[in-house]
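Structure, as structure tokens:
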2 protein chains.
Amino acid sequence: MALLLTDTQVRDCRARIRAVAERHFATRGLTATSLRGIAAELGWAPASLYRYFHNKDELLSATRAAAHDRFSDRIEAAYAQPGDLWERSRALGSAYVDFAFEEPAAYQLIFALEQPDGDKTPELRAAEERSRRTLTVYIEDMVAAGLIEGDPELLGHVYWSAIHGLIVLQMAGKLKPSLPFDTIRHEIIRLLTRGASKGG
Amino acid sequence: MALLLTDTQVRDCRARIRAVAERHFATRGLTATSLRGIAAELGWAPASLYRYFHNKDELLSATRAAAHDRFSDRIEAAYAQPGDLWERSRALGSAYVDFAFEEPAAYQLIFALEQPDGDKTPELRAAEERSRRTLTVYIEDMVAAGLIEGDPELLGHVYWSAIHGLIVLQMAGKLKPSLPFDTIRHEIIRLLTRGASKGG
DNA sequence: TGTCATACCGAACAGCGTTCGTTATGCAAG
DNA sequence: CTTGCATAACGAACGCTGTTCGGTATGACA
């Protein structure tokens, strides 16, 4: 092969690499995933990957963004289902939790700590903004419908923090074994919603 | 040197290694911390560490347990301060958050994901149980005092999830920049406490 | 004084991310 | 049709990692 890959070829190639990387990250974990392994599966030499990604971190970042988008797809689809606002909110919450435990590696990739703001790809920033927006919009709808009251953006972050915290505590094996995950989850939603309800 | 280190010598040695490891983890991060670097700082050969820790994971686990204990010390001390129950609860919450951001590496070590229950050291299990207990006891006190109502263990996990989630979202740089951390934090506590309050 | 258990070390292995100079391919110019 | 060149992909190497292994030399005991 030789002269000048077209932009689409490059994009396709990056996507192919990212797909393999994503599966490796998901099945073998972060540290056990090697560029050598990914290259081997593609039938390539390790060095060849550097034509498409500057380094392992950049590949990781691209994979992160892809996972982020898949995550947003899921929760947006759940919220777009027919039903009243309560049902759709419950569907969104369930989709969130389901994604976390069906694709734990992807979820952990998305919410991994030590992500210095500095080296976030624009595509990653966009993917983050999208999911944050999705998680706020449904609260806006609930406030608009008079089901709860308060600043939607603030409330969105409150619900999000609580559910995310529960999920990662569960993933870290920190929850008391005798307390079922869903029991805590429903209590969180109940208390927050009661706390944010009008009057009372 | 030679014959038969006493148990105390071994324990002291392990503690010395762990102290260096902890500082390395804290200042250089998890992946950038190497057994070679730790050994070098101790003036040892890398292989010598294996006399005291079976491998890097075991050293990490010991460091994790130590961080856990330091964490429990802090929040227990805060809750033991004089004052009424509201004040002491607030002090505990502040101590929790302060620890997280003053020692982010330690906090992340404690709550790192992918901790298969299987290979948890007994000392790590004990350290976990202790902190979980501390976070439950103060809720028990508040329920006993009639400030809130519900199952203390369940409520403890609810508050814990929410605050932990907020902290790790902040650490991952996921929060909307325009929303101050403390604003969200106070709203979480306000809503949960309102939701768990008696009556209406 | 001599023996032996053993704390510690030096050297090596396999695997990692990454870099470098080389190879070989296929389009454009002559 | 041939030639030259730009470059996608490679092979080999570097320095790093965790870990293992065989050897060394030390200090307590017989």
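Ligands are numbered from 1 in the order shown, chains are lettered A, B, ... in the order of the structure tokens, and residues start at 1 in each chain.
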Exercise for review: Write out as number ranges by chain all residues of stretch 27-132 of chain B that backbone DSSP assigns to helix (DSSP H, G or I).
Suggested key: B: 27-28, 35-42, 46-51, 56-79, 85-102, 104-110, 117-119, 122-132
With 12 Å as the cut-off and only C-alpha atoms (C1' of nucleotides) counted, what is the closest atom pair between each nearby residue of chain B and chain D? Distances in Å to one decimal, ordered by chain and number, as JSON lines.
{"residue": "B:Met1", "atom": "CA", "partner": "D:DT26", "partner_atom": "C1'", "distance": 4.9}
{"residue": "B:Ala2", "atom": "CA", "partner": "D:DT26", "partner_atom": "C1'", "distance": 5.4}
{"residue": "B:Leu3", "atom": "CA", "partner": "D:DG27", "partner_atom": "C1'", "distance": 6.3}
{"residue": "B:Leu4", "atom": "CA", "partner": "D:DA28", "partner_atom": "C1'", "distance": 9.1}
{"residue": "B:Leu5", "atom": "CA", "partner": "D:DG27", "partner_atom": "C1'", "distance": 11.4}
{"residue": "B:Thr31", "atom": "CA", "partner": "D:DT17", "partner_atom": "C1'", "distance": 9.9}
{"residue": "B:Ala32", "atom": "CA", "partner": "D:DT17", "partner_atom": "C1'", "distance": 9.8}
{"residue": "B:Thr33", "atom": "CA", "partner": "D:DT17", "partner_atom": "C1'", "distance": 10.0}
{"residue": "B:Ser34", "atom": "CA", "partner": "D:DT17", "partner_atom": "C1'", "distance": 7.5}
{"residue": "B:Leu35", "atom": "CA", "partner": "D:DG18", "partner_atom": "C1'", "distance": 7.8}
{"residue": "B:Arg36", "atom": "CA", "partner": "D:DT17", "partner_atom": "C1'", "distance": 8.8}
{"residue": "B:Gly37", "atom": "CA", "partner": "D:DT17", "partner_atom": "C1'", "distance": 10.9}
{"residue": "B:Pro46", "atom": "CA", "partner": "D:DT19", "partner_atom": "C1'", "distance": 9.6}
{"residue": "B:Ala47", "atom": "CA", "partner": "D:DT19", "partner_atom": "C1'", "distance": 8.1}
{"residue": "B:Ser48", "atom": "CA", "partner": "D:DT19", "partner_atom": "C1'", "distance": 11.4}
{"residue": "B:Leu49", "atom": "CA", "partner": "D:DT19", "partner_atom": "C1'", "distance": 11.0}
{"residue": "B:Tyr50", "atom": "CA", "partner": "D:DT19", "partner_atom": "C1'", "distance": 9.1}
{"residue": "B:His54", "atom": "CA", "partner": "D:DT19", "partner_atom": "C1'", "distance": 10.2}
{"residue": "B:Asn55", "atom": "CA", "partner": "D:DT19", "partner_atom": "C1'", "distance": 8.2}
{"residue": "B:Lys56", "atom": "CA", "partner": "D:DG18", "partner_atom": "C1'", "distance": 7.7}
{"residue": "B:Asp57", "atom": "CA", "partner": "D:DG18", "partner_atom": "C1'", "distance": 10.4}
Generate the output file for the selected residues, N, CA and C atoms, as a compact mmCIF listing (two decimals), in the first residue's frame.
# COMPACT_ATOMS: atom_id res chain seq x y z
N MET B 1 23.45 -9.00 57.66
CA MET B 1 22.24 -9.38 58.43
C MET B 1 21.93 -10.84 58.22
N ALA B 2 21.19 -11.35 59.21
CA ALA B 2 20.76 -12.70 58.90
C ALA B 2 19.65 -13.27 59.78
N LEU B 3 19.97 -14.04 60.70
CA LEU B 3 19.05 -15.02 61.25
C LEU B 3 17.75 -14.46 61.79
N LEU B 4 16.65 -14.89 61.14
CA LEU B 4 15.33 -14.78 61.73
C LEU B 4 14.97 -13.39 62.25
N LEU B 5 14.38 -12.61 61.42
CA LEU B 5 13.83 -11.33 61.87
C LEU B 5 12.70 -11.62 62.86
N THR B 31 -0.08 4.20 38.50
CA THR B 31 0.72 3.49 37.49
C THR B 31 2.18 3.94 37.51
N ALA B 32 2.41 5.19 37.90
CA ALA B 32 3.77 5.72 37.87
C ALA B 32 4.57 5.27 39.10
N THR B 33 3.91 4.61 40.02
CA THR B 33 4.62 4.11 41.19
C THR B 33 5.17 2.72 40.90
N SER B 34 6.49 2.59 41.06
CA SER B 34 7.12 1.30 40.75
C SER B 34 7.81 0.74 41.99
N LEU B 35 7.86 -0.58 42.03
CA LEU B 35 8.58 -1.23 43.13
C LEU B 35 10.04 -0.83 43.10
N ARG B 36 10.58 -0.64 41.92
CA ARG B 36 11.97 -0.20 41.81
C ARG B 36 12.18 1.16 42.47
N GLY B 37 11.25 2.06 42.24
CA GLY B 37 11.35 3.39 42.83
C GLY B 37 11.26 3.35 44.35
N PRO B 46 15.15 -4.08 44.35
CA PRO B 46 13.72 -4.33 44.14
C PRO B 46 13.29 -5.69 44.67
N ALA B 47 14.12 -6.68 44.45
CA ALA B 47 13.75 -8.05 44.84
C ALA B 47 13.53 -8.18 46.34
N SER B 48 14.18 -7.33 47.11
CA SER B 48 14.10 -7.46 48.58
C SER B 48 12.69 -7.19 49.10
N LEU B 49 11.93 -6.39 48.38
CA LEU B 49 10.57 -6.08 48.83
C LEU B 49 9.72 -7.35 48.91
N TYR B 50 10.09 -8.32 48.10
CA TYR B 50 9.28 -9.53 48.03
C TYR B 50 9.41 -10.40 49.28
N HIS B 54 4.05 -10.15 49.09
CA HIS B 54 4.05 -11.20 48.08
C HIS B 54 4.17 -10.63 46.68
N ASN B 55 3.54 -9.50 46.45
CA ASN B 55 3.66 -8.84 45.15
C ASN B 55 3.15 -7.40 45.26
N LYS B 56 3.09 -6.71 44.15
CA LYS B 56 2.71 -5.30 44.18
C LYS B 56 1.27 -5.13 44.65
N ASP B 57 0.41 -6.04 44.23
CA ASP B 57 -1.00 -5.94 44.63
C ASP B 57 -1.15 -6.02 46.15
Exercise for review: Please determine the contact residues of chain C with respect to chain B at a cut-off of 10 Å, counting only C-alpha atoms (C1' of nucleotides), and supply them as a ChimeraX atom specification.
Suggested key: /C:4-10
**Study point:** Contact residues (chain A, partner chain B, 8 Å, only C-alpha atoms) as a PyMOL selection string
**Key:** chain A and resi 111-117+128+132+154+157-158+160-166+168-169+171-176+179+184-185+187-188+190-196+200
Exercise for review: Kindly give the distance, in Å, that separates atom CA of B:Glu140 and atom CA of A:Phe181, rounded to a single decimal.
Suggested key: 20.3 Å
Review point. Taking only C-alpha atoms into account, which of B:Glu41, B:Val143, B:Ile75, B:Pro82 comes nearest B:Ala95?
Key: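 Of the candidates, the smallest distance to B:Ala95 is held by B:Ile75.
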